[in-house]
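See structure below.
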Amino acid sequence: MINIAIFASGSGSNAERIITYFRNNSNVNFKFIITNKEDAYVRKRAELHDIPSLYYNSKQLKSGDFLLKILHETHIDWIILAGYLLLIPNEIIKTYPNRIINIHPALLPNYGGKGMYGMNVHKAVISNRETESGISIHYVNEKYDEGNIIFQAKCKIAETDDAESLAGKIHLLEHEHFPKVIESLIFN
């Protein structure tokens with residue numbers, strides 16, 4: 001049995017897609033979803049799938065010792081970041097080398113780093129008149145969006161696209177590829 005913790009800060013559409021993808025796989029167990037936002041919609045999605053959601057404030061989640069205790073007590077094997085906006089403490093990164101995976105809504109190394117998430121990324125891509133964008137799935141290290149890239153998928157940007165329409169294209173790529181990449185890693 002592979003125990004997975006999902007960390008998310010917002011709506012949780014990627015978290016739900018991952019959970020749904022593995023629904024019939026008895027070798028995968030989603031122990032909980034951790035969030036730093038008490039009213040994050042991901043908590044409702046977790047409830048719909050009978051997965052506990054745990055809210056902790058940002059100060060608690062920045063404490064590696066606090067998080068390590070939770071992760072060890074629940075025997076977590078993998079950590080999946082699905083729209084999680086906080087930096088992962090170094091103690092966690094050292095304890096889970098190449099077992100923390102993040103998805104970013106752009107083709108890294110471009111449009112990454114602190115503050116580059118969600119619509120901020122799409123607005124920057126459109127503002128710079130890029131002709132393509134995409135997703136990057138990467139391992140997590142001690143810096144935002146700088147871990148080794150595992151997988152990228154691209155999409156074309158039409159002249160008529162705006163940040164909203166680009167976000168729709170990116171969500172399709174995320175939902176199609178993120179669960180499959182996770183599966184290939186955890187069963188490798």
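Naming scheme: A, B, ... for chains in displayed order of the structure tokens; residues 1 onward per chain; ligands 1 onward as shown.
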
Subject >> Long-range neighbours of region 63-68 of chain A as an MDAnalysis selection string, 9 Å cut-off, only C-alpha atoms, 3 positions minimum in chain >> reply: chainID A and resid 58:60 71:73 88:92 95

Would you save the residues of that selection, restricted to C-alpha atoms, as a short mmCIF file (atom, residue, chain, number, x, y, z; two decimals), in the first residue's frame?
data_model
loop_
_atom_site.label_atom_id
_atom_site.label_comp_id
_atom_site.auth_asym_id
_atom_site.auth_seq_id
_atom_site.Cartn_x
_atom_site.Cartn_y
_atom_site.Cartn_z
CA SER A 58 0.99 28.84 7.64
CA LYS A 59 3.20 29.14 10.73
CA GLN A 60 2.54 25.50 11.65
CA LEU A 71 3.81 12.53 8.03
CA HIS A 72 5.66 9.90 10.08
CA GLU A 73 2.65 9.07 12.27
CA ILE A 88 8.05 23.05 1.75
CA PRO A 89 10.39 23.06 4.79
CA ASN A 90 13.91 21.73 4.20
CA GLU A 91 13.44 18.97 6.80
CA ILE A 92 10.61 17.54 4.72
CA THR A 95 13.25 13.24 4.51
#

**OP:** Name the residues in contact with region 118-120 of chain A at a cut-off of 12 Å, using only C-alpha atoms, excluding same-chain residues fewer than 6 positions from it; report them as an NGL selection string.
**Re:** :A and (9-11 or 82-85 or 103-106 or 111-112 or 126-127 or 135 or 162-168 or 170-171)

Filtering to C-alpha atoms, could you give me those residues as a PDB file, in the first residue's frame?
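Listing of again26.pdb after writing:
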ATOM      1  CA  SER A   9      -4.311  25.700  -0.994  1.00  0.00           C
ATOM      2  CA  GLY A  10      -7.288  26.368  -3.236  1.00  0.00           C
ATOM      3  CA  SER A  11     -10.094  24.829  -5.230  1.00  0.00           C
ATOM      4  CA  ALA A  82      -1.724  20.254  -6.105  1.00  0.00           C
ATOM      5  CA  GLY A  83      -1.948  24.025  -6.007  1.00  0.00           C
ATOM      6  CA  TYR A  84      -0.101  24.374  -2.709  1.00  0.00           C
ATOM      7  CA  LEU A  85       1.316  27.865  -2.279  1.00  0.00           C
ATOM      8  CA  ILE A 103       2.713  20.718 -10.895  1.00  0.00           C
ATOM      9  CA  HIS A 104       3.245  24.192 -12.302  1.00  0.00           C
ATOM     10  CA  PRO A 105       0.991  25.870 -14.916  1.00  0.00           C
ATOM     11  CA  ALA A 106       3.795  26.969 -17.245  1.00  0.00           C
ATOM     12  CA  TYR A 111       7.199  31.873 -15.251  1.00  0.00           C
ATOM     13  CA  GLY A 112       8.146  30.145 -12.006  1.00  0.00           C
ATOM     14  CA  ILE A 126      -0.309  36.377 -22.358  1.00  0.00           C
ATOM     15  CA  SER A 127       1.263  39.768 -21.571  1.00  0.00           C
ATOM     16  CA  ILE A 135       2.589  22.417 -17.643  1.00  0.00           C
ATOM     17  CA  ASP A 162      -6.617  35.626 -22.946  1.00  0.00           C
ATOM     18  CA  ALA A 163      -5.565  34.541 -19.445  1.00  0.00           C
ATOM     19  CA  GLU A 164      -8.929  32.824 -18.842  1.00  0.00           C
ATOM     20  CA  SER A 165      -8.919  30.778 -22.036  1.00  0.00           C
ATOM     21  CA  LEU A 166      -5.269  29.861 -21.495  1.00  0.00           C
ATOM     22  CA  ALA A 167      -6.124  28.718 -17.966  1.00  0.00           C
ATOM     23  CA  GLY A 168      -8.736  26.382 -19.478  1.00  0.00           C
ATOM     24  CA  ILE A 170      -3.694  24.405 -18.966  1.00  0.00           C
ATOM     25  CA  HIS A 171      -6.301  22.744 -16.725  1.00  0.00           C
TER      26      HIS A 171
END

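Distances here use only C-alpha atoms; by that measure, the residue among A:Ala40, A:Ile33, A:Val28, A:Ala15 closest to Ile186 (chain A) is A:Val28.
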
**OP:** Going by DSSP on the backbone, which bits of region 109-164 of chain A are strand (DSSP E or B)? Write them as an MDAnalysis selection string, please.
**Re:** chainID A and resid 132:139 149:156

**OP:** Determine, counting only C-alpha atoms, which protein, DNA and RNA residues have an atom within 10 Å of an atom of Glu176 (chain A); residues of the same chain fewer than 4 positions away are not included. Present the result as a ChimeraX atom specification.
**Re:** /A:14,17-18,21,153,170-172,180-181

Original post:
Any idea what's packed within 7 Å of Lys156 (chain A), counting only C-alpha atoms, ignoring anything in its chain fewer than 5 positions away? Could you give it as a VMD selection string?
Top reply: chain A and resid 131 to 133

Would you put the residues from that selection into a file with N, CA and C atoms, as a PDB file, in the first residue's frame?
ATOM      1  N   THR A 131       3.805  32.184 -27.652  1.00  0.00           N
ATOM      2  CA  THR A 131       3.019  31.426 -28.638  1.00  0.00           C
ATOM      3  C   THR A 131       2.660  30.044 -28.129  1.00  0.00           C
ATOM      4  N   GLU A 132       3.274  29.642 -27.021  1.00  0.00           N
ATOM      5  CA  GLU A 132       2.912  28.371 -26.393  1.00  0.00           C
ATOM      6  C   GLU A 132       3.113  28.470 -24.897  1.00  0.00           C
ATOM      7  N   SER A 133       2.399  27.613 -24.203  1.00  0.00           N
ATOM      8  CA  SER A 133       2.559  27.478 -22.755  1.00  0.00           C
ATOM      9  C   SER A 133       2.396  26.000 -22.460  1.00  0.00           C
TER      10      SER A 133
END
